[in-house]
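Single-structure report; data block below.
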Amino acid sequence: MNIIGYHPGRDPSACLLRDGVVTAFVEEERLIRYKHAANVFPIRSIDACLRQGGLTLDDVACFAFGYDAARFGNGEMAAFYDRLNERYPPDPGTRAWQRANLGRTAHAPVRARLANELLRRYGTHDPPPLRSYPHHRSHAVAAFHLSPFDEALVAVVDGSGEHQCTTLWRGAGQDLELIHEVELPHSLGWFYSALTEYLGFESYDGEYKVMGLAAYGRPHPRFREVLGRVLHPGEEGFDYAVERDYIHNGEHTYSGRFTDRLAAELGLAPRAHAHPITPEHEDLAFEAQRAVEEAVLRLLGHFARATGLRNLAIGGGVGQNVKLNGRIRQSGLFDEVFLFPIPADSGTSVGAALGVHQEITGSVPRGELEHVYWGPSYTDDEIEAELRLCGVCYEKPAGIEERVADLLAGGAVVGWFQGRMEAGQRALGARSILADPRSPAIRDRVNAAVKYREYWRPFCPSIALEDAGRYVERPARAPFMIMAFPATDEAARRIPGVVHVDGTMRIQTVDAASNPRFHGVIKAFEARTGDPVLLNTSFNVKGEPIVCSPRDALRTFWSTGLDALAIGSFLLVKPGRGGVPDAASR
Ligand SMILES: [Fe+2]
């Protein structure tokens, strides 16, 4: 049975589930080359999934959508908003947002939009049926059923689903039981987005910048006290509450995400994007991060004790907070922690498809996610045709891993384009930029060559799985680069280019089975330098999505300071960069 899950909101995506197994997933931004692809319907992603599966629409049993659309149309959500508005009188912006949700998330308009897009694309007047699935449950299903656990506490923390902002579940085998929920307006996602905008970044985009900046900040008693009024323990003690007068309700001179009251009490002007970052901004980021970490740890601590569950699976957009995830792992509350690597809403296309499959068949295949190489791939023939079309010089070395390792050990910054594109925000050795992690100067080199990134954003390492213990404390399999680990002394000494200022590293462990060519280049680098580690950053320039096709890779290669490009079995080296002849072959 084939199910297409899709997410049509911010970061639109589509997923193909075949007999309960994810076989394709694509985010629309990769295909249209516009970061986040806000408000773009993921019709190209749907099409890419069908093509990867060799399917037509006739082969699709149904589409799955990760919101409970019925509740938006049958009056339930309207009644929820009415109750909410009675308790918390809304401002015009909040009311407009509620009305918009009721108008666009109900089954009829969602269904009409899908049918219209499919008609325009495929000429079909009889599309497969649409099934909707609750939002937080979509996050939870993906986090739990793709985890290695038979039993676990499942935590979903995001902006908001239908009415939920945070949910906790008991996962056991095929079952997911809701054990706690926090409703609107108490959203940790919105709290963090408010501080993201306060610090001059864009919400639902720059949250990771706040997290990176937090590592540079120091404790700041006044900020802590004010943020403690905004986000504080709830009525039950272990719970939390977000005061909406600082976030939603009130005058919004600076941003729709926070009110003027927050600015007045913080006593620090909201930062304009064009203005420099000061130590006070770093301190505010530090306190915002601390506030969220404390709220989540308090909640998880309570339910770890109450349920006795020793495993934790995490989903929801706040799961992108690598620093928080590392703190949870270090807390000792759980023996094992699993993070679904596409925790934000784009990943609900996966969760909704899994959930609908379970509804239809009665069960869903379970088992630890091995990899997320779910995107388009290109054969050597297709790549070579593109290289010839573009008229570029290239060679086809006998052992590309060895040649690339030589270049990297010699200081080159190399584009690495191999196999199926990875899903999620992290490059995992399919669409990566690689460099030597042994010198701190490499950061400047990579920044100057391609990334043009801010100083607070760390570069991360990919490490051969079998060698992770040399470089991080309490090593574990970490194939998705979404957890911060404390770095060892050996790491600080040998690979300072990828150790964050707070002494952690966000590692990817690489095993030979999941990505043999990537593992091969890491081991070839070790043979030359003694370290089975490479700096691995995403293959894109600032502000653009990660490259998807060979042409995207060539465009980025030639318009940046990259020295070489390993694409399929082919190698391109710019003239004078690495001793490869200018016109090795044609
Ligand atoms: Fe969500």
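Within each chain, counting starts at residue 1; across the structure tokens, chains are named A, B, ... in the order shown, with ligands numbered 1 upward in that order.
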Item to complete: List all protein, DNA and RNA residues that have any atom at most 7 Å from ligand 1, counting only C-alpha atoms and all ligand atoms, and write the list as a ChimeraX atom specification.
Response: /A:135-136,139,158-161,316-317,344-345
Item to complete: Give the helix (DSSP H, G or I) residues of stretch 59-217 of chain A, as assigned by DSSP on the backbone, as a ChimeraX atom specification.
Response: /A:59,69-73,76-87,92-104,107-122,135-145,188-198,207-214
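The strand (DSSP E or B) portion of stretch 442-487 of chain A consists of Pro461, Ser462, Ile463, Ala464, Val472, Ala484, Phe485, Pro486 and Ala487 of chain A, with states taken from DSSP on the backbone.
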Proximity of stretch 343-390 of chain A to stretch 163-173 of chain A: per-residue shortest pair, 12 Å limit, only C-alpha atoms, as CSV:
residue,atom,partner,partner_atom,distance
A:Ser363,CA,A:Gly173,CA,9.6
A:Val364,CA,A:Gly173,CA,9.8
A:Pro365,CA,A:Gly173,CA,10.1
A:Arg366,CA,A:Gly173,CA,8.2
A:Gly367,CA,A:Gly173,CA,10.3
Discussion item. When you look at A:Asp335 with a cut-off of 12 Å (counting only C-alpha atoms), what residues show up, excluding the ones that are within fewer than 5 positions of it in the same chain? I need them as a PyMOL selection string.
Written reply: chain A and resi 149+152-153+304+308-313+328-330+474+476
Emit the selected residues as a CSV table (one decimal), in the first residue's frame, including N, CA, C and O atoms.
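Everything below was put into selection16.csv:
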chain,number,residue,atom,x,y,z
A,149,PHE,N,13.1,2.0,20.5
A,149,PHE,CA,12.5,1.6,21.8
A,149,PHE,C,11.2,0.8,21.6
A,149,PHE,O,10.3,1.2,20.8
A,152,ALA,N,8.7,3.8,25.6
A,152,ALA,CA,9.3,5.1,25.9
A,152,ALA,C,8.4,6.2,26.3
A,152,ALA,O,7.2,6.1,26.0
A,153,LEU,N,8.9,7.2,26.9
A,153,LEU,CA,8.2,8.4,27.1
A,153,LEU,C,8.4,9.2,25.8
A,153,LEU,O,9.5,9.2,25.3
A,304,ALA,N,9.3,11.4,33.9
A,304,ALA,CA,10.3,10.3,34.0
A,304,ALA,C,10.0,9.5,35.3
A,304,ALA,O,9.9,8.3,35.4
A,308,GLY,N,8.2,6.0,35.3
A,308,GLY,CA,9.3,5.0,35.4
A,308,GLY,C,9.9,4.7,34.1
A,308,GLY,O,10.8,3.8,34.0
A,309,LEU,N,9.5,5.4,33.0
A,309,LEU,CA,10.1,5.1,31.7
A,309,LEU,C,11.5,5.6,31.6
A,309,LEU,O,11.8,6.7,32.0
A,310,ARG,N,12.4,4.8,31.0
A,310,ARG,CA,13.8,5.1,31.0
A,310,ARG,C,14.3,5.5,29.6
A,310,ARG,O,15.5,5.8,29.4
A,311,ASN,N,13.4,5.5,28.6
A,311,ASN,CA,13.8,5.9,27.3
A,311,ASN,C,12.9,7.1,26.9
A,311,ASN,O,11.7,7.2,27.3
A,312,LEU,N,13.5,8.0,26.1
A,312,LEU,CA,12.8,9.2,25.7
A,312,LEU,C,12.9,9.3,24.2
A,312,LEU,O,14.0,9.2,23.6
A,313,ALA,N,11.8,9.6,23.5
A,313,ALA,CA,11.8,9.9,22.1
A,313,ALA,C,11.2,11.4,22.0
A,313,ALA,O,10.2,11.7,22.6
A,328,ILE,N,19.3,17.3,27.9
A,328,ILE,CA,18.4,16.2,28.3
A,328,ILE,C,19.2,14.9,28.4
A,328,ILE,O,19.1,14.2,29.4
A,329,ARG,N,20.1,14.7,27.4
A,329,ARG,CA,20.8,13.5,27.4
A,329,ARG,C,21.8,13.4,28.6
A,329,ARG,O,22.0,12.4,29.2
A,330,GLN,N,22.4,14.6,28.9
A,330,GLN,CA,23.4,14.6,30.0
A,330,GLN,C,22.7,14.6,31.4
A,330,GLN,O,23.3,14.4,32.4
A,474,ARG,N,30.7,9.8,26.6
A,474,ARG,CA,29.5,8.9,26.5
A,474,ARG,C,29.1,8.8,25.1
A,474,ARG,O,28.0,9.2,24.7
A,476,ALA,N,27.7,7.6,21.5
A,476,ALA,CA,26.5,6.8,21.1
A,476,ALA,C,26.4,7.0,19.6
A,476,ALA,O,26.9,7.9,19.0
Worksheet item: Which residue out of A:Gly355, A:Gly520, A:Gly93, A:Pro270 has the minimum interatomic distance to A:Leu17 when only C-alpha atoms are used?
Response: A:Gly355
Worksheet item: Could you name the residues that touch A:Ala409 at 8 Å or less, counting only C-alpha atoms, but leaving out those on the same chain fewer than 5 positions away, as a list in words?
Response: Asp436, Phe525, Arg528 and Thr529 of chain A
Kindly save the residues from that selection, with N, CA and C atoms included, as a compact mmCIF listing (two decimals), in the first residue's frame.
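This went into again-v4.txt:
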# COMPACT_ATOMS: atom_id res chain seq x y z
N ASP A 436 39.17 19.89 6.50
CA ASP A 436 40.04 19.36 7.55
C ASP A 436 39.67 20.03 8.88
N PHE A 525 41.03 9.78 5.08
CA PHE A 525 41.57 10.98 5.73
C PHE A 525 42.36 10.58 6.97
N ARG A 528 45.86 9.46 6.37
CA ARG A 528 46.81 10.54 6.08
C ARG A 528 47.12 11.41 7.30
N THR A 529 46.17 11.49 8.26
CA THR A 529 46.31 12.47 9.34
C THR A 529 46.22 11.88 10.73
Discussion item. Quick one: residues within 8 Å of stretch 240-257 of chain A, only C-alpha atoms, excluding same-chain residues fewer than 5 positions away - as a PyMOL selection string?
Written reply: chain A and resi 90-91+94+185-188+190-191+193-194+197-198+229-235+262+270+295+299
For those residues, write N, CA and C atoms to a file as an mmCIF file, in the first residue's frame.
data_model
loop_
_atom_site.group_PDB
_atom_site.id
_atom_site.type_symbol
_atom_site.label_atom_id
_atom_site.label_comp_id
_atom_site.auth_asym_id
_atom_site.auth_seq_id
_atom_site.Cartn_x
_atom_site.Cartn_y
_atom_site.Cartn_z
ATOM 1 N N PRO A 90 -8.876 38.082 23.406
ATOM 2 C CA PRO A 90 -7.853 38.167 22.367
ATOM 3 C C PRO A 90 -7.687 39.572 21.813
ATOM 4 N N ASP A 91 -6.504 39.861 21.288
ATOM 5 C CA ASP A 91 -6.332 41.101 20.533
ATOM 6 C C ASP A 91 -6.686 40.790 19.073
ATOM 7 N N THR A 94 -4.665 38.023 17.261
ATOM 8 C CA THR A 94 -4.939 36.652 17.677
ATOM 9 C C THR A 94 -6.234 36.161 17.049
ATOM 10 N N PRO A 185 -2.524 29.192 25.315
ATOM 11 C CA PRO A 185 -1.436 29.900 24.630
ATOM 12 C C PRO A 185 -0.052 29.566 25.173
ATOM 13 N N HIS A 186 0.086 28.473 25.890
ATOM 14 C CA HIS A 186 1.350 28.201 26.595
ATOM 15 C C HIS A 186 2.309 27.434 25.688
ATOM 16 N N SER A 187 2.936 28.177 24.798
ATOM 17 C CA SER A 187 3.759 27.559 23.767
ATOM 18 C C SER A 187 5.237 27.877 23.973
ATOM 19 N N LEU A 188 6.031 26.846 24.180
ATOM 20 C CA LEU A 188 7.478 27.046 24.292
ATOM 21 C C LEU A 188 8.071 27.426 22.935
ATOM 22 N N TRP A 190 6.614 29.248 20.667
ATOM 23 C CA TRP A 190 6.355 30.673 20.447
ATOM 24 C C TRP A 190 7.221 31.535 21.361
ATOM 25 N N PHE A 191 7.467 31.068 22.575
ATOM 26 C CA PHE A 191 8.371 31.806 23.466
ATOM 27 C C PHE A 191 9.738 31.964 22.808
ATOM 28 N N SER A 193 10.507 31.654 19.654
ATOM 29 C CA SER A 193 10.403 32.464 18.432
ATOM 30 C C SER A 193 10.335 33.955 18.775
ATOM 31 N N ALA A 194 9.673 34.279 19.882
ATOM 32 C CA ALA A 194 9.596 35.679 20.316
ATOM 33 C C ALA A 194 11.001 36.218 20.591
ATOM 34 N N GLU A 197 12.998 36.765 17.367
ATOM 35 C CA GLU A 197 12.722 38.049 16.698
ATOM 36 C C GLU A 197 13.287 39.208 17.520
ATOM 37 N N TYR A 198 13.227 39.067 18.837
ATOM 38 C CA TYR A 198 13.765 40.136 19.694
ATOM 39 C C TYR A 198 15.247 40.366 19.405
ATOM 40 N N ARG A 229 9.238 35.970 34.468
ATOM 41 C CA ARG A 229 7.834 36.410 34.509
ATOM 42 C C ARG A 229 7.087 35.954 33.256
ATOM 43 N N VAL A 230 7.810 35.820 32.160
ATOM 44 C CA VAL A 230 7.187 35.415 30.894
ATOM 45 C C VAL A 230 6.937 33.902 30.880
ATOM 46 N N LEU A 231 7.948 33.157 31.266
ATOM 47 C CA LEU A 231 7.877 31.685 31.259
ATOM 48 C C LEU A 231 8.209 31.207 32.661
ATOM 49 N N HIS A 232 7.242 30.579 33.310
ATOM 50 C CA HIS A 232 7.435 30.212 34.712
ATOM 51 C C HIS A 232 6.703 28.910 35.013
ATOM 52 N N PRO A 233 6.961 28.305 36.166
ATOM 53 C CA PRO A 233 6.257 27.075 36.505
ATOM 54 C C PRO A 233 4.740 27.302 36.535
ATOM 55 N N GLY A 234 3.997 26.306 36.093
ATOM 56 C CA GLY A 234 2.543 26.420 36.073
ATOM 57 C C GLY A 234 1.932 26.040 37.400
ATOM 58 N N GLU A 235 0.601 25.882 37.377
ATOM 59 C CA GLU A 235 -0.132 25.653 38.624
ATOM 60 C C GLU A 235 0.281 24.357 39.311
ATOM 61 N N LEU A 262 7.262 43.357 26.715
ATOM 62 C CA LEU A 262 8.511 42.602 26.868
ATOM 63 C C LEU A 262 9.698 43.546 26.707
ATOM 64 N N PRO A 270 14.881 45.985 21.279
ATOM 65 C CA PRO A 270 14.955 44.856 20.353
ATOM 66 C C PRO A 270 15.994 45.162 19.271
ATOM 67 N N ALA A 295 12.381 24.661 31.749
ATOM 68 C CA ALA A 295 10.964 24.274 31.655
ATOM 69 C C ALA A 295 10.838 22.842 31.134
ATOM 70 N N LEU A 299 9.568 19.405 33.306
ATOM 71 C CA LEU A 299 8.439 18.598 32.826
ATOM 72 C C LEU A 299 8.871 17.145 32.604
#
Show me a table, sorted first by chain and then by increasing residue number, of the residues of stretch 76-138 of chain A having an atom at most 9 Å from stretch 42-54 of chain A, each with its shortest atom pair and the distance in Å to one decimal, counting only C-alpha atoms and written as JSON lines.
{"residue": "A:Leu114", "atom": "CA", "partner": "A:Ile43", "partner_atom": "CA", "distance": 8.7}
{"residue": "A:Glu117", "atom": "CA", "partner": "A:Ile43", "partner_atom": "CA", "distance": 6.8}
{"residue": "A:Leu118", "atom": "CA", "partner": "A:Ile43", "partner_atom": "CA", "distance": 7.6}
{"residue": "A:Arg121", "atom": "CA", "partner": "A:Ile43", "partner_atom": "CA", "distance": 7.8}
Writing out the chosen residues with C-alpha atoms as a CSV table (one decimal), in the first residue's frame:
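Writing done, so here's again-v2.csv:
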chain,number,residue,atom,x,y,z
A,114,LEU,CA,-5.0,19.2,-3.0
A,117,GLU,CA,-3.0,21.0,-7.5
A,118,LEU,CA,-3.3,17.4,-8.6
A,121,ARG,CA,-0.3,18.7,-12.4
Discussion item. Report as a PyMOL selection string all protein, DNA and RNA residues lying within 7 Å of A:Met421, evaluated on only C-alpha atoms, omitting residues in the same chain fewer than 3 positions from it.
Written reply: chain A and resi 373-377+430-431+548
Worksheet item: Restricting the calculation to only C-alpha atoms, which member of A:Leu554, A:Ile277, A:Ile4, A:Val413 is positioned closest to A:Tyr394?
Response: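 Of A:Leu554, A:Ile277, A:Ile4, A:Val413, the one nearest A:Tyr394, counting only C-alpha atoms, is A:Leu554.
If you look at atom CA of A:Phe144 and atom CA of A:Ala427, they are 23.1 Å away from each other.
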